[in-house]
Amino acid sequence: MITAYHRPKTLDEALALLSQPNTVPLGGGTLLSQPTTDSVHAVDLQLLGLNSLRVNGNNLELGATLTLQSLLESEHCPDALKRALKLEAPLNIRNSATLAGTLVSCDGRSTFGTVLLAMDAKIAVMSKQSAVSSNQSSAISVGEFLPLRPRGLITSISIPLNVKLAFEYVSRTPSDKPIVCVALAQWNSGRTRLAVGGFGKSPMLAMDGTASDDAATAARNAFHEANDDYGSAEYRMDVASTLAKRCMEAQ
């Protein structure tokens, strides 16, 4: 339940508000609009200009409040990421949900999170340490962010464009969140990152190295304890291995 609403005009003002207890950022509103008995103060971010999208060298710089649909419709968005975005949420939600909000709230079945983990995307997070200190900014990888979800305001996300990217998944229906999904990113240097999703609290990094022949084995091993109502560990292990091979063939 939103009991107070703020619309700051500057980033400094937003960070000062967000340093207070029970205060949360409001981006697309897809989470805060859900019924809850918890009392929160909402800080609306729409006046802060955090919805940009621009190419910077070999990277695509994305503002935190850019919507999923805006990214999907961009000519700079890799095709594999577009496939993942379509699975992340239906169109009406994609038109409202922000990139940062999706990452903060995602679980292991997030296709968006899985692809960003494979791409080793970087997140810029700002926080105000105290009322008298200056704002603190840090850049962390998605792999560091997802397990801990540290407190702070995400301002931007950076993804590399100089990678070969592949994404495969299996779900009960074409529009369902996947039971298993695999994303593979490969750099010209031979570096290969394989991320898997479909289970648990966040997507998992299965490998980061140069021995791409081990991708299928790495994907299989990542699911050795992945039992839930959607599928057994044995099923996921077999499917993940197959999907990893498909991703490698697509490179």
# chains A, B, ... in the order shown; residues from 1 in each chain; ligands from 1
>>> residues_around(residues="Arg109 (chain A)", least_positions_apart="6", cutoff="6 Å", atoms="only C-alpha atoms", output="VMD selection string")
chain A and resid 197 to 199
>>> residues_around(residues="Glu73 (chain A)", least_positions_apart="3", cutoff="12 Å", atoms="only C-alpha atoms", output="MDAnalysis selection string")
chainID A and resid 53 66:70 76:79 81:83 85:86 91 94:95
>>> write_last_selection(atoms="N, CA and C atoms", output="PDB file, in the first residue's frame")
ATOM      1  N   LEU A  53      18.498   5.351 -24.373  1.00  0.00           N
ATOM      2  CA  LEU A  53      19.077   4.198 -25.075  1.00  0.00           C
ATOM      3  C   LEU A  53      20.049   4.752 -26.107  1.00  0.00           C
ATOM      4  N   LEU A  66      14.009   2.683 -18.875  1.00  0.00           N
ATOM      5  CA  LEU A  66      13.607   2.286 -20.219  1.00  0.00           C
ATOM      6  C   LEU A  66      12.702   1.070 -20.108  1.00  0.00           C
ATOM      7  N   THR A  67      11.636   1.018 -20.881  1.00  0.00           N
ATOM      8  CA  THR A  67      10.719  -0.124 -20.779  1.00  0.00           C
ATOM      9  C   THR A  67      11.240  -1.317 -21.576  1.00  0.00           C
ATOM     10  N   LEU A  68      10.772  -2.480 -21.198  1.00  0.00           N
ATOM     11  CA  LEU A  68      11.145  -3.688 -21.919  1.00  0.00           C
ATOM     12  C   LEU A  68      10.768  -3.590 -23.386  1.00  0.00           C
ATOM     13  N   GLN A  69       9.592  -3.021 -23.677  1.00  0.00           N
ATOM     14  CA  GLN A  69       9.136  -2.925 -25.050  1.00  0.00           C
ATOM     15  C   GLN A  69       9.984  -1.954 -25.861  1.00  0.00           C
ATOM     16  N   SER A  70      10.420  -0.866 -25.255  1.00  0.00           N
ATOM     17  CA  SER A  70      11.270   0.088 -25.967  1.00  0.00           C
ATOM     18  C   SER A  70      12.590  -0.557 -26.362  1.00  0.00           C
ATOM     19  N   HIS A  76      18.984  -1.661 -32.253  1.00  0.00           N
ATOM     20  CA  HIS A  76      20.261  -2.079 -31.684  1.00  0.00           C
ATOM     21  C   HIS A  76      20.144  -3.307 -30.785  1.00  0.00           C
ATOM     22  N   CYS A  77      18.929  -3.702 -30.485  1.00  0.00           N
ATOM     23  CA  CYS A  77      18.725  -4.843 -29.592  1.00  0.00           C
ATOM     24  C   CYS A  77      19.030  -6.147 -30.327  1.00  0.00           C
ATOM     25  N   PRO A  78      19.932  -6.988 -29.820  1.00  0.00           N
ATOM     26  CA  PRO A  78      20.237  -8.261 -30.485  1.00  0.00           C
ATOM     27  C   PRO A  78      18.996  -9.137 -30.613  1.00  0.00           C
ATOM     28  N   ASP A  79      18.924  -9.898 -31.697  1.00  0.00           N
ATOM     29  CA  ASP A  79      17.749 -10.732 -31.947  1.00  0.00           C
ATOM     30  C   ASP A  79      17.494 -11.726 -30.821  1.00  0.00           C
ATOM     31  N   LEU A  81      18.193 -11.405 -27.690  1.00  0.00           N
ATOM     32  CA  LEU A  81      17.628 -10.684 -26.551  1.00  0.00           C
ATOM     33  C   LEU A  81      16.166 -10.339 -26.802  1.00  0.00           C
ATOM     34  N   LYS A  82      15.815 -10.028 -28.036  1.00  0.00           N
ATOM     35  CA  LYS A  82      14.419  -9.747 -28.366  1.00  0.00           C
ATOM     36  C   LYS A  82      13.543 -10.968 -28.090  1.00  0.00           C
ATOM     37  N   ARG A  83      14.044 -12.156 -28.435  1.00  0.00           N
ATOM     38  CA  ARG A  83      13.287 -13.389 -28.155  1.00  0.00           C
ATOM     39  C   ARG A  83      13.077 -13.551 -26.659  1.00  0.00           C
ATOM     40  N   LEU A  85      13.025 -11.148 -24.394  1.00  0.00           N
ATOM     41  CA  LEU A  85      12.132 -10.113 -23.898  1.00  0.00           C
ATOM     42  C   LEU A  85      10.668 -10.474 -24.143  1.00  0.00           C
ATOM     43  N   LYS A  86      10.384 -11.090 -25.265  1.00  0.00           N
ATOM     44  CA  LYS A  86       9.003 -11.487 -25.564  1.00  0.00           C
ATOM     45  C   LYS A  86       8.493 -12.524 -24.575  1.00  0.00           C
ATOM     46  N   LEU A  91       2.803  -8.215 -23.800  1.00  0.00           N
ATOM     47  CA  LEU A  91       2.971  -6.880 -24.371  1.00  0.00           C
ATOM     48  C   LEU A  91       2.539  -5.771 -23.421  1.00  0.00           C
ATOM     49  N   ARG A  94       5.123  -5.340 -20.841  1.00  0.00           N
ATOM     50  CA  ARG A  94       6.376  -4.821 -21.417  1.00  0.00           C
ATOM     51  C   ARG A  94       6.301  -3.330 -21.686  1.00  0.00           C
ATOM     52  N   ASN A  95       5.129  -2.829 -21.979  1.00  0.00           N
ATOM     53  CA  ASN A  95       4.976  -1.400 -22.240  1.00  0.00           C
ATOM     54  C   ASN A  95       5.136  -0.559 -20.976  1.00  0.00           C
TER      55      ASN A  95
END
>>> residues_around(residues="Ala218 (chain A)", least_positions_apart="3", cutoff="8 Å", atoms="only C-alpha atoms", output="PyMOL selection string")
chain A and resi 206-207+214-215+221-222+241
>>> select_by_dssp(residues="region 26-227 of chain A", states="strand (DSSP E or B)", output="ChimeraX atom specification")
/A:26,40-44,53-56,59-63,67,98,122-128,135-141,153-160,163-170,180-187,192-197,204-209
>>> atom_distance(atom1="CA of Asp208 (chain A)", atom2="CA of Tyr235 (chain A)")
23.6 Å
>>> residues_around(residues="Val180 (chain A)", least_positions_apart="2", cutoff="12 Å", atoms="only C-alpha atoms", output="MDAnalysis selection string")
chainID A and resid 108:111 114 167:172 176:178 182:183 195:200 203:204 219:220 222:223 226:228 230:244
>>> atom_distance(atom1="CA of Asp213 (chain A)", atom2="CA of Asp120 (chain A)")
19.7 Å
>>> residues_around(residues="Pro21 (chain A)", least_positions_apart="3", cutoff="10 Å", atoms="only C-alpha atoms", output="list in words")
Leu17, Leu18, Val24, Val40 and His41 of chain A
>>> write_last_selection(atoms="C-alpha atoms", output="CSV table (one decimal), in the first residue's frame")
chain,number,residue,atom,x,y,z
A,17,LEU,CA,14.3,10.2,-0.4
A,18,LEU,CA,15.3,6.6,-1.1
A,24,VAL,CA,11.0,2.4,-2.8
A,40,VAL,CA,5.6,2.1,1.5
A,41,HIS,CA,6.5,5.6,0.3
>>> closest_atom_pairs(of="region 179-230 of chain A", to="region 139-155 of chain A", cutoff="8 Å", atoms="only C-alpha atoms", output="CSV")
residue,atom,partner,partner_atom,distance
A:Lys201,CA,A:Pro147,CA,8.0
A:Ser202,CA,A:Leu146,CA,6.4
A:Leu205,CA,A:Gly143,CA,7.5
>>> select_by_dssp(residues="region 124-231 of chain A", states="helix (DSSP H, G or I)", output="short mmCIF file (atom, residue, chain, number, x, y, z; two decimals) with N, CA and C atoms, in the first residue's frame")
data_model
loop_
_atom_site.label_atom_id
_atom_site.label_comp_id
_atom_site.auth_asym_id
_atom_site.auth_seq_id
_atom_site.Cartn_x
_atom_site.Cartn_y
_atom_site.Cartn_z
N VAL A 142 25.95 -8.03 -13.60
CA VAL A 142 24.66 -8.66 -13.29
C VAL A 142 24.87 -9.89 -12.42
N GLY A 143 25.96 -10.59 -12.66
CA GLY A 143 26.26 -11.77 -11.87
C GLY A 143 26.49 -11.46 -10.40
N GLU A 144 27.04 -10.28 -10.10
CA GLU A 144 27.21 -9.86 -8.71
C GLU A 144 25.90 -9.34 -8.13
N PHE A 145 25.11 -8.70 -8.97
CA PHE A 145 23.88 -8.06 -8.50
C PHE A 145 22.78 -9.07 -8.15
N LEU A 146 22.54 -10.04 -9.02
CA LEU A 146 21.36 -10.89 -8.87
C LEU A 146 21.28 -11.66 -7.55
N PRO A 147 22.37 -12.26 -7.07
CA PRO A 147 22.23 -13.04 -5.83
C PRO A 147 21.91 -12.19 -4.61
N LEU A 148 22.39 -10.93 -4.57
CA LEU A 148 22.29 -10.10 -3.37
C LEU A 148 21.24 -9.00 -3.48
N SER A 212 34.76 -23.80 -25.04
CA SER A 212 33.35 -23.83 -25.41
C SER A 212 32.81 -25.23 -25.65
N ASP A 213 33.70 -26.19 -25.87
CA ASP A 213 33.25 -27.58 -26.06
C ASP A 213 32.61 -28.13 -24.79
N ASP A 214 32.89 -27.49 -23.65
CA ASP A 214 32.35 -27.96 -22.38
C ASP A 214 30.99 -27.34 -22.07
N ALA A 215 30.43 -26.56 -22.98
CA ALA A 215 29.19 -25.84 -22.70
C ALA A 215 28.04 -26.78 -22.36
N ALA A 216 27.88 -27.84 -23.11
CA ALA A 216 26.78 -28.77 -22.87
C ALA A 216 26.91 -29.43 -21.50
N THR A 217 28.12 -29.80 -21.14
CA THR A 217 28.35 -30.40 -19.83
C THR A 217 28.09 -29.41 -18.72
N ALA A 218 28.53 -28.16 -18.91
CA ALA A 218 28.32 -27.12 -17.90
C ALA A 218 26.83 -26.85 -17.69
N ALA A 219 26.08 -26.79 -18.79
CA ALA A 219 24.64 -26.56 -18.69
C ALA A 219 23.97 -27.70 -17.95
N ARG A 220 24.39 -28.91 -18.25
CA ARG A 220 23.82 -30.08 -17.58
C ARG A 220 24.11 -30.06 -16.08
N ASN A 221 25.33 -29.75 -15.71
CA ASN A 221 25.71 -29.77 -14.30
C ASN A 221 25.01 -28.69 -13.48
N ALA A 222 24.63 -27.61 -14.14
CA ALA A 222 24.00 -26.50 -13.41
C ALA A 222 22.65 -26.88 -12.82
#
>>> closest_residue(among="A:Ala118, A:Ala80, A:Leu47, A:Ala64", to="Leu99 (chain A)", atoms="only C-alpha atoms")
A:Ala64
>>> closest_residue(among="A:Gly27, A:Pro8, A:Gly190, A:Gly113", to="Gly101 (chain A)", atoms="only C-alpha atoms")
A:Gly27
